[in-house]
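Below is run17.cif, which holds mmCIF, C-alpha atoms (C1' of nucleotides).
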```cif
data_my_file
#
loop_
_atom_site.label_atom_id
_atom_site.label_comp_id
_atom_site.auth_asym_id
_atom_site.auth_seq_id
_atom_site.Cartn_x
_atom_site.Cartn_y
_atom_site.Cartn_z
CA MET B 17 7.40 -35.58 -26.95
CA THR B 18 7.35 -39.02 -25.45
CA HIS B 19 11.02 -38.62 -24.62
CA PRO B 20 12.18 -35.50 -22.87
CA LEU B 21 14.83 -33.70 -24.83
CA PHE B 22 18.32 -34.61 -23.73
CA HIS B 23 20.42 -31.85 -22.24
CA PRO B 24 23.86 -32.52 -20.75
CA ASP B 25 24.37 -31.39 -17.18
CA ALA B 26 26.47 -28.27 -16.85
CA GLU B 27 29.48 -30.16 -15.55
CA GLU B 28 29.27 -32.57 -18.46
CA ILE B 29 29.56 -29.91 -21.11
CA SER B 30 32.77 -30.58 -23.01
CA LEU B 31 34.90 -27.88 -24.56
CA PRO B 32 35.72 -29.78 -27.76
CA ALA B 33 32.02 -30.59 -28.19
CA VAL B 34 31.06 -26.93 -27.78
CA LEU B 35 33.80 -25.82 -30.18
CA THR B 36 32.68 -28.37 -32.74
CA ALA B 37 29.07 -27.28 -32.33
CA LEU B 38 30.00 -23.64 -32.93
CA GLY B 39 32.39 -24.42 -35.76
CA ASP B 40 29.60 -24.26 -38.29
CA GLU B 41 28.34 -21.06 -39.89
CA THR B 42 24.69 -21.86 -39.43
CA ARG B 43 25.02 -22.78 -35.78
CA LEU B 44 27.30 -19.86 -35.01
CA ASN B 45 24.71 -17.58 -36.54
CA ILE B 46 21.97 -19.11 -34.43
CA ILE B 47 23.99 -18.46 -31.29
CA ALA B 48 24.87 -14.91 -32.31
CA ILE B 49 21.24 -14.10 -33.01
CA LEU B 50 20.09 -15.71 -29.79
CA ALA B 51 22.69 -13.77 -27.82
CA ARG B 52 21.68 -10.48 -29.36
CA ASN B 53 18.07 -11.17 -28.52
CA GLY B 54 18.88 -10.85 -24.85
CA GLU B 55 17.34 -13.33 -22.48
CA ARG B 56 14.24 -13.79 -24.60
CA ALA B 57 13.55 -17.23 -25.98
CA MET B 58 13.28 -17.72 -29.71
CA THR B 59 11.67 -20.40 -31.85
CA CYS B 60 13.25 -22.49 -34.59
CA GLY B 61 11.02 -20.74 -37.07
CA GLN B 62 12.75 -17.46 -36.41
CA PHE B 63 15.92 -18.86 -37.97
CA LEU B 64 14.44 -20.04 -41.24
CA GLU B 65 16.57 -17.53 -43.14
CA LEU B 66 19.56 -19.64 -42.11
CA GLY B 67 18.38 -22.86 -43.68
CA SER B 68 15.55 -25.26 -44.33
CA LYS B 69 13.19 -26.50 -41.64
CA THR B 70 14.91 -29.87 -41.64
CA ALA B 71 18.41 -28.44 -41.56
CA LEU B 72 17.50 -26.20 -38.64
CA SER B 73 16.07 -29.10 -36.69
CA TYR B 74 19.40 -30.85 -37.20
CA HIS B 75 21.52 -27.89 -36.15
CA VAL B 76 19.36 -27.05 -33.14
CA ALA B 77 19.70 -30.62 -31.93
CA LYS B 78 23.47 -30.37 -32.28
CA LEU B 79 23.58 -27.22 -30.20
CA ARG B 80 21.31 -28.75 -27.57
CA GLU B 81 23.28 -31.99 -27.31
CA ALA B 82 26.52 -30.04 -26.97
CA GLY B 83 25.02 -28.08 -24.07
CA VAL B 84 25.02 -24.70 -25.78
CA ILE B 85 21.29 -24.09 -25.79
CA ASN B 86 18.22 -25.20 -23.90
CA VAL B 87 15.16 -26.32 -25.85
CA ARG B 88 11.77 -26.27 -24.16
CA PRO B 89 8.57 -27.42 -25.90
CA ASP B 90 5.79 -24.86 -25.84
CA GLY B 91 2.72 -25.90 -27.76
CA THR B 92 3.76 -26.70 -31.29
CA LYS B 93 6.89 -24.61 -30.89
CA ARG B 94 10.27 -25.05 -29.27
CA LEU B 95 11.63 -22.24 -27.19
CA LEU B 96 15.39 -21.87 -27.52
CA THR B 97 17.56 -20.15 -24.95
CA LEU B 98 21.30 -19.83 -24.54
CA ARG B 99 22.73 -21.68 -21.55
CA ARG B 100 24.60 -18.57 -20.51
CA ILE B 101 25.03 -19.40 -16.84
CA ASP B 102 26.21 -22.94 -17.47
CA LEU B 103 28.61 -21.90 -20.20
CA GLU B 104 30.01 -19.07 -18.13
CA SER B 105 30.59 -21.31 -15.14
CA ARG B 106 32.21 -23.95 -17.26
CA PHE B 107 34.23 -21.76 -19.66
CA PRO B 108 34.51 -18.23 -18.22
CA GLY B 109 34.62 -15.49 -20.83
CA PHE B 110 34.22 -17.89 -23.69
CA LEU B 111 30.68 -17.14 -24.77
CA ASP B 112 31.18 -13.39 -24.55
CA SER B 113 34.27 -13.54 -26.71
CA ILE B 114 32.46 -15.65 -29.27
CA VAL B 115 29.38 -13.47 -29.43
CA THR B 116 31.47 -10.31 -29.65
CA SER B 117 33.65 -11.74 -32.40
CA ALA B 118 30.74 -13.13 -34.38
CA GLY B 119 29.27 -9.65 -34.55
CA THR B 120 29.62 -9.36 -38.30
CA LEU B 121 27.05 -11.78 -39.56
CA PRO B 122 27.76 -13.25 -42.97
CA LEU B 123 25.48 -12.44 -45.85
CA PRO B 124 22.14 -14.17 -46.00
CA LYS B 125 22.65 -17.54 -47.57
CA HIS B 126 20.09 -19.41 -49.65
CA GLN B 127 19.24 -16.34 -51.69
CA GLU B 128 18.55 -18.46 -54.74
CA MET B 129 16.50 -20.82 -52.62
CA ALA B 130 14.52 -17.89 -51.36
CA ASP B 131 13.87 -16.81 -54.93
CA ALA B 132 12.81 -20.28 -55.97
CA ALA B 133 10.48 -20.64 -53.02
CA GLU B 134 9.02 -17.26 -53.70
CA THR B 135 8.24 -18.07 -57.31
CA SER B 136 6.55 -21.27 -56.20
CA GLY B 137 4.58 -19.26 -53.67
CA GLU B 138 5.34 -21.61 -50.82
CA THR B 139 7.22 -19.44 -48.42
CA GLU B 140 6.72 -15.98 -47.06
CA TRP B 141 10.02 -14.43 -46.04
CA THR B 142 9.47 -11.93 -43.30
CA MET M 2 60.66 -26.06 -48.88
CA THR M 3 59.78 -25.33 -52.48
CA HIS M 4 56.51 -23.77 -51.44
CA PRO M 5 56.38 -21.46 -48.45
CA LEU M 6 53.88 -22.63 -45.88
CA PHE M 7 50.54 -20.91 -46.25
CA HIS M 8 49.41 -18.74 -43.35
CA PRO M 9 46.25 -16.64 -43.56
CA ASP M 10 46.67 -12.94 -42.87
CA ALA M 11 45.40 -11.87 -39.47
CA GLU M 12 42.33 -10.16 -40.89
CA GLU M 13 41.47 -13.27 -42.89
CA ILE M 14 41.29 -15.55 -39.88
CA SER M 15 37.71 -16.78 -39.67
CA LEU M 16 35.98 -17.58 -36.41
CA PRO M 17 34.19 -20.71 -37.67
CA ALA M 18 37.48 -21.98 -39.09
CA VAL M 19 39.25 -21.43 -35.78
CA LEU M 20 36.42 -23.08 -33.84
CA THR M 21 36.47 -26.05 -36.18
CA ALA M 22 40.24 -26.31 -35.86
CA LEU M 23 40.01 -26.34 -32.06
CA GLY M 24 37.03 -28.67 -31.97
CA ASP M 25 39.28 -31.68 -32.02
CA GLU M 26 40.87 -33.20 -28.93
CA THR M 27 44.30 -33.59 -30.46
CA ARG M 28 44.46 -30.07 -31.80
CA LEU M 29 43.04 -28.56 -28.62
CA ASN M 30 45.75 -30.37 -26.70
CA ILE M 31 48.41 -29.03 -29.01
CA ILE M 32 47.19 -25.49 -28.42
CA ALA M 33 46.92 -25.95 -24.66
CA ILE M 34 50.45 -27.31 -24.45
CA LEU M 35 51.79 -24.57 -26.70
CA ALA M 36 50.07 -21.94 -24.58
CA ARG M 37 51.46 -23.33 -21.36
CA ASN M 38 54.91 -23.36 -22.84
CA GLY M 39 54.94 -19.58 -22.87
CA GLU M 40 56.29 -17.82 -25.92
CA ARG M 41 58.77 -20.58 -26.67
CA ALA M 42 58.47 -22.40 -29.97
CA MET M 43 57.92 -26.13 -29.99
CA THR M 44 58.50 -28.78 -32.62
CA CYS M 45 56.04 -31.32 -33.99
CA GLY M 46 58.11 -34.06 -32.41
CA GLN M 47 57.27 -32.74 -28.95
CA PHE M 48 53.65 -33.73 -29.50
CA LEU M 49 54.23 -37.33 -30.51
CA GLU M 50 52.42 -38.53 -27.40
CA LEU M 51 49.25 -37.08 -28.96
CA GLY M 52 49.38 -39.17 -32.10
CA SER M 53 51.46 -40.60 -34.90
CA LYS M 54 53.89 -38.58 -36.92
CA THR M 55 51.50 -38.57 -39.84
CA ALA M 56 48.50 -37.60 -37.77
CA LEU M 57 50.41 -34.74 -36.18
CA SER M 58 51.50 -33.43 -39.54
CA TYR M 59 47.84 -33.39 -40.53
CA HIS M 60 46.65 -31.62 -37.38
CA VAL M 61 49.46 -29.08 -37.39
CA ALA M 62 48.57 -28.18 -40.97
CA LYS M 63 44.95 -27.70 -39.95
CA LEU M 64 45.92 -25.35 -37.16
CA ARG M 65 48.24 -23.44 -39.45
CA GLU M 66 45.69 -23.08 -42.24
CA ALA M 67 43.08 -21.88 -39.77
CA GLY M 68 45.48 -19.19 -38.56
CA VAL M 69 45.88 -20.52 -35.04
CA ILE M 70 49.60 -21.24 -35.17
CA ASN M 71 52.64 -20.18 -37.09
CA VAL M 72 54.97 -22.80 -38.50
CA ARG M 73 58.53 -21.86 -39.34
CA PRO M 74 61.02 -24.32 -40.86
CA ASP M 75 64.26 -24.58 -38.93
CA GLY M 76 66.60 -27.19 -40.27
CA THR M 77 64.78 -30.48 -40.41
CA LYS M 78 62.33 -29.26 -37.79
CA ARG M 79 59.30 -27.04 -37.76
CA LEU M 80 58.99 -24.47 -35.03
CA LEU M 81 55.40 -23.96 -33.90
CA THR M 82 54.17 -20.84 -32.17
CA LEU M 83 50.72 -19.64 -31.21
CA ARG M 84 49.52 -16.61 -33.13
CA ARG M 85 48.58 -14.91 -29.90
CA ILE M 86 48.67 -11.32 -31.11
CA ASP M 87 46.66 -12.02 -34.25
CA LEU M 88 44.07 -14.08 -32.41
CA GLU M 89 43.72 -11.50 -29.67
CA SER M 90 43.25 -8.68 -32.16
CA ARG M 91 40.72 -10.68 -34.12
CA PHE M 92 38.82 -12.36 -31.27
CA PRO M 93 39.57 -10.55 -28.00
CA GLY M 94 39.57 -12.79 -24.96
CA PHE M 95 38.89 -15.91 -26.96
CA LEU M 96 42.25 -17.64 -26.75
CA ASP M 97 42.62 -16.94 -23.05
CA SER M 98 39.21 -18.40 -22.29
CA ILE M 99 40.02 -21.48 -24.33
CA VAL M 100 43.40 -22.07 -22.76
CA THR M 101 42.03 -21.50 -19.28
CA SER M 102 39.11 -23.85 -19.85
CA ALA M 103 41.28 -26.51 -21.43
CA GLY M 104 43.37 -26.56 -18.29
CA THR M 105 42.38 -30.02 -17.20
CA LEU M 106 43.93 -31.91 -20.02
CA PRO M 107 46.32 -34.83 -20.05
CA LEU M 108 49.63 -33.20 -19.32
CA PRO M 109 52.55 -33.99 -21.57
CA LYS M 110 55.02 -36.46 -20.22
CA HIS M 111 57.96 -34.81 -18.60
CA GLN M 112 60.45 -35.61 -21.27
CA GLU M 113 63.79 -33.99 -21.67
CA MET M 114 63.12 -31.73 -24.54
CA ALA M 115 66.62 -30.41 -25.00
CA ASP M 116 65.51 -27.01 -26.15
CA ALA M 117 69.11 -25.91 -26.27
CA ALA M 118 68.19 -23.32 -28.82
CA GLU M 119 65.79 -21.81 -26.34
CA THR M 120 66.71 -19.95 -23.23
CA SER M 121 66.92 -22.55 -20.52
CA GLY M 122 64.31 -20.89 -18.37
CA GLU M 123 62.17 -22.37 -15.70
CA THR M 124 59.82 -24.89 -17.25
CA GLU M 125 57.06 -25.48 -14.76
CA TRP M 126 55.20 -28.72 -15.45
CA THR M 127 52.96 -28.88 -12.46
"C1'" DT P 22 79.33 -39.51 -49.38
"C1'" DC P 23 76.41 -41.98 -46.14
"C1'" DA P 24 73.18 -42.34 -42.61
"C1'" DA P 25 70.11 -40.45 -39.28
"C1'" DT P 26 66.55 -37.09 -38.16
"C1'" DA P 27 62.18 -34.56 -38.89
"C1'" DG P 28 58.48 -34.08 -41.18
"C1'" DT P 29 55.47 -34.43 -45.67
"C1'" DT P 30 52.68 -36.60 -49.19
"C1'" DC P 31 49.81 -40.10 -50.97
"C1'" DA P 32 46.08 -43.47 -51.35
"C1'" DA P 33 43.06 -46.18 -48.72
"C1'" DG P 34 39.40 -46.86 -45.60
"C1'" DG P 35 35.84 -46.10 -42.36
"C1'" DA P 36 33.41 -42.60 -39.78
"C1'" DT P 37 30.94 -38.57 -39.36
"C1'" DC P 38 28.80 -34.45 -41.37
"C1'" DA P 39 25.28 -31.44 -43.66
"C1'" DT P 40 21.52 -31.31 -46.77
"C1'" DT P 41 17.21 -32.79 -49.06
"C1'" DG P 42 12.33 -34.45 -49.71
"C1'" DA P 43 8.80 -37.19 -48.06
"C1'" DA P 44 6.35 -38.76 -44.37
"C1'" DC P 45 5.11 -38.19 -39.73
"C1'" DA P 46 3.46 -36.33 -35.03
"C1'" DA P 47 1.76 -33.06 -31.71
"C1'" DA P 48 -0.75 -29.05 -30.39
"C1'" DG P 49 -4.12 -25.41 -31.22
"C1'" DG P 50 -7.84 -22.99 -33.49
"C1'" DA P 51 -12.00 -22.87 -36.59
"C1'" DT Y 23 -13.82 -32.80 -36.42
"C1'" DC Y 24 -10.73 -30.84 -39.81
"C1'" DC Y 25 -7.04 -27.97 -40.87
"C1'" DT Y 26 -3.00 -25.27 -39.93
"C1'" DT Y 27 1.19 -24.50 -37.64
"C1'" DT Y 28 5.56 -26.14 -35.98
"C1'" DG Y 29 8.90 -29.11 -35.82
"C1'" DT Y 30 10.82 -34.20 -36.00
"C1'" DT Y 31 12.29 -38.51 -38.15
"C1'" DC Y 32 13.89 -41.21 -41.86
"C1'" DA Y 33 16.64 -42.76 -45.83
"C1'" DA Y 34 19.64 -41.34 -49.21
"C1'" DT Y 35 23.45 -38.71 -50.96
"C1'" DG Y 36 27.74 -36.45 -51.45
"C1'" DA Y 37 31.24 -34.13 -48.85
"C1'" DT Y 38 34.55 -33.87 -45.41
"C1'" DC Y 39 37.16 -35.77 -41.54
"C1'" DC Y 40 40.71 -38.59 -39.13
"C1'" DT Y 41 43.83 -42.36 -39.17
"C1'" DT Y 42 47.12 -45.53 -41.12
"C1'" DG Y 43 51.33 -47.33 -43.56
"C1'" DA Y 44 54.38 -46.82 -47.21
"C1'" DA Y 45 57.12 -43.96 -49.74
"C1'" DC Y 46 59.22 -39.66 -50.09
"C1'" DT Y 47 61.91 -35.01 -49.35
"C1'" DA Y 48 64.92 -32.07 -47.00
"C1'" DT Y 49 68.45 -31.05 -43.70
"C1'" DT Y 50 72.11 -32.15 -40.65
"C1'" DG Y 51 76.13 -34.43 -38.86
"C1'" DA Y 52 79.74 -38.00 -39.24
#
```

Represent the supplied structure as structure tokens.
Amino acid sequence: MTHPLFHPDAEEISLPAVLTALGDETRLNIIAILARNGERAMTCGQFLELGSKTALSYHVAKLREAGVINVRPDGTKRLLTLRRIDLESRFPGFLDSIVTSAGTLPLPKHQEMADAAETSGETEWT
Amino acid sequence: MTHPLFHPDAEEISLPAVLTALGDETRLNIIAILARNGERAMTCGQFLELGSKTALSYHVAKLREAGVINVRPDGTKRLLTLRRIDLESRFPGFLDSIVTSAGTLPLPKHQEMADAAETSGETEWT
DNA sequence: TCAATAGTTCAAGGATCATTGAACAAAGGA
DNA sequence: TCCTTTGTTCAATGATCCTTGAACTATTGA
């Protein structure tokens, strides 16, 4: 990356921006999965069940620009982590309530896409 | 009203829908003002500082359809109330964290709101 | 009945959103 | 070096969003 990835400072994180970022099924799922994974970082590739490579890149950028997650390059991968501390200091109790409430993950989308990709032999779904 | 206003049942309120509804400055302001007004109902007209009559009608409908507020016709007015109980049962702690975090918002102008129908309690606009 | 009040509906316009495929870039391993 | 892995960027597309003004409905009070 010639340009470092933009991350808003903690005090610049805006509530409407965070709400907008989380007001999308795919992004809410990313956050819920990240939260349930504890403090461990995850890669974009671990969310491929939620959408295409391109779509995920788009959604991850949205979450990063809103200040919800941190994205750190690591080799060819990107390590994603929740900005728990920053979010808690900015909006106390908010993240916990979201993660708790998002507990029931919707059904896996893109089932037909998964089938199509499987028949074409392009994608291995773990 | 020929058609009763649609309100989703409590158990049908969706988190992404609520987040999307609140991910807009105008609507977040409406909720923050409603919350700070205690349990008292407010009319659309009391939010005119936040936008035009038409825009408010649009935003109020969004909040209602997402299950965030209840809208009850009363003469030529509409009485708006937060669906506190339903939101709390569905997403514990969420509304409180939102309202607390949205605390630093442009306060409504101190207008005489002639809520004669309401108990003339102590309205504390700090 | 007439007029004022309170809010809705409609069509329009421009802005932003989410998705896709193709092309690209960066890093690591053989 | 070549190839694979991992993810980004771009242009295009259709969908949805937010605002506006004009016209409209419904209710209330004179």

Q. Which polymer residues have any atom within 10 Å of an atom of DT30 in chain P, counting all atoms listed in the file, with same-chain residues fewer than 3 positions away left out, as a PyMOL selection string?
A. (chain M and resi 55) or (chain Y and resi 45-47)

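Considering the residues P:DA44, P:DC38, P:DA51, P:DA32 and counting all atoms listed in the file, His75 in chain B has its shortest atom-to-atom contact with P:DC38.
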
Q: Mind listing whatever residues come within 10 Å of the point (74.1, -33.5, -41.3)? Use all atoms listed in the file, file coordinates, and give them as a VMD selection string.
A: (chain M and resid 76 to 77) or (chain P and resid 24 to 26) or (chain Y and resid 49 to 52)

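Across the structure, C1' of DA33 in chain Y and CA of Val84 in chain B are spaced 28.3 Å apart.
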
Q | Expected answer as number ranges by chain: chain Y residues within 12 Å of chain M, only C-alpha atoms (C1' of nucleotides) | A | Y: 39-44, 47-50
